[in-house]
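The block underneath contains the structure these notes are about, expressed in structure tokens.
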Amino acid sequence: MQLYRFLSEDDTSAFCHKVTDALNKGWTLYGSPTQTFDPVKGIMRCGQAVTKDVEGTYTPDIKLGEQ
């Protein structure tokens with residue numbers, strides 16, 4: 001099955017570390033990264049979709065971050 005996650009974080013090194021961690025756990029970048037302004041916090045936010053092929057059958061209770 002193919003899993004999908006959308007990673008998001010404030011535009012700091014924390015975002016890069018989150019994406020790097022996913023890549024090192026076998027996730028693959030999907031599409032281009034995104035960036036938007038959060039007017040409530042007054043900061044930029046980043047996002048990146050990632051996918052991963054794993055064995056098994058999808059169910060909504062799968063903890064994607066643990067894959």
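Naming scheme: A, B, ... for chains in displayed order of the structure tokens; residues 1 onward per chain; ligands 1 onward as shown.
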Residues of chain A classed as strand (DSSP E) by DSSP on the backbone are to be reported as a ChimeraX atom specification. /A:2-10,28-38,43-53
Would you put the residues from that selection into a file with C-alpha atoms, as a compact mmCIF listing (two decimals), in the first residue's frame?
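Result saved to selection-v7.txt:
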```txt
# COMPACT_ATOMS: atom_id res chain seq x y z
CA GLN A 2 1.10 3.57 -0.47
CA LEU A 3 0.95 5.96 2.48
CA TYR A 4 0.71 9.75 2.28
CA ARG A 5 1.66 12.41 4.82
CA PHE A 6 1.74 16.18 4.70
CA LEU A 7 4.46 17.60 6.92
CA SER A 8 4.15 21.20 8.08
CA GLU A 9 6.05 23.41 10.47
CA ASP A 10 7.07 26.99 11.08
CA THR A 28 9.81 10.02 -0.60
CA LEU A 29 9.13 13.64 -1.48
CA TYR A 30 5.84 14.09 -3.34
CA GLY A 31 5.40 17.30 -5.29
CA SER A 32 6.88 20.67 -4.49
CA PRO A 33 7.18 22.22 -1.04
CA THR A 34 4.75 24.97 -0.10
CA GLN A 35 5.06 28.09 2.00
CA THR A 36 2.39 30.42 3.34
CA PHE A 37 2.09 33.29 5.79
CA ASP A 38 0.31 32.58 9.09
CA ILE A 43 5.31 33.91 10.58
CA MET A 44 5.85 31.84 7.47
CA ARG A 45 4.86 28.14 7.52
CA CYS A 46 6.26 25.42 5.26
CA GLY A 47 4.75 22.17 4.03
CA GLN A 48 5.88 19.13 2.09
CA ALA A 49 3.97 16.02 1.04
CA VAL A 50 5.72 12.66 1.34
CA THR A 51 4.73 9.11 0.37
CA LYS A 52 5.94 5.63 1.30
CA ASP A 53 5.24 2.12 0.00
```
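Reported to one decimal place, the separation of atom CA of Val54 of chain A from atom CA of Gly26 of chain A is 9.6 Å.
Minimum distance to Leu23 of chain A across A:Gly65, A:Lys41, A:Gly56, A:Asp11 (counting only C-alpha atoms) occurs at A:Gly65.
From atom CA of Asn24 of chain A back to atom CA of Thr12 of chain A, the distance works out to 19.2 Å.
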Just to confirm, what's the straight-line distance from atom CA of Val40 of chain A to atom CA of Phe15 of chain A in Å (one decimal)?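 These two atoms are separated by 18.8 Å.
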Please return as a ChimeraX atom specification: the residues of segment 7-58 of chain A that backbone DSSP assigns to helix (DSSP H, G or I). /A:13-24
Store the residues of this selection in a file with N, CA and C atoms, as a tab-separated table (two decimals), in the first residue's frame.
```
chain	number	residue	atom	x	y	z
A	13	SER	N	14.54	25.74	11.08
A	13	SER	CA	15.26	24.50	10.81
A	13	SER	C	14.46	23.29	11.26
A	14	ALA	N	13.49	23.46	12.14
A	14	ALA	CA	12.64	22.34	12.59
A	14	ALA	C	11.92	21.70	11.40
A	15	PHE	N	11.50	22.52	10.44
A	15	PHE	CA	10.84	21.97	9.26
A	15	PHE	C	11.80	21.10	8.46
A	16	CYS	N	13.00	21.58	8.24
A	16	CYS	CA	14.00	20.81	7.50
A	16	CYS	C	14.34	19.52	8.22
A	17	HIS	N	14.43	19.56	9.54
A	17	HIS	CA	14.72	18.35	10.31
A	17	HIS	C	13.56	17.35	10.21
A	18	LYS	N	12.33	17.85	10.22
A	18	LYS	CA	11.16	16.97	10.11
A	18	LYS	C	11.16	16.25	8.76
A	19	VAL	N	11.43	16.98	7.69
A	19	VAL	CA	11.46	16.37	6.35
A	19	VAL	C	12.66	15.41	6.24
A	20	THR	N	13.81	15.82	6.74
A	20	THR	CA	15.00	14.96	6.70
A	20	THR	C	14.76	13.66	7.46
A	21	ASP	N	14.11	13.74	8.61
A	21	ASP	CA	13.80	12.54	9.39
A	21	ASP	C	12.90	11.59	8.58
A	22	ALA	N	11.88	12.14	7.93
A	22	ALA	CA	10.98	11.31	7.11
A	22	ALA	C	11.75	10.65	5.97
A	23	LEU	N	12.61	11.40	5.29
A	23	LEU	CA	13.39	10.84	4.19
A	23	LEU	C	14.28	9.70	4.67
A	24	ASN	N	14.86	9.86	5.84
A	24	ASN	CA	15.73	8.82	6.38
A	24	ASN	C	14.96	7.60	6.90
```
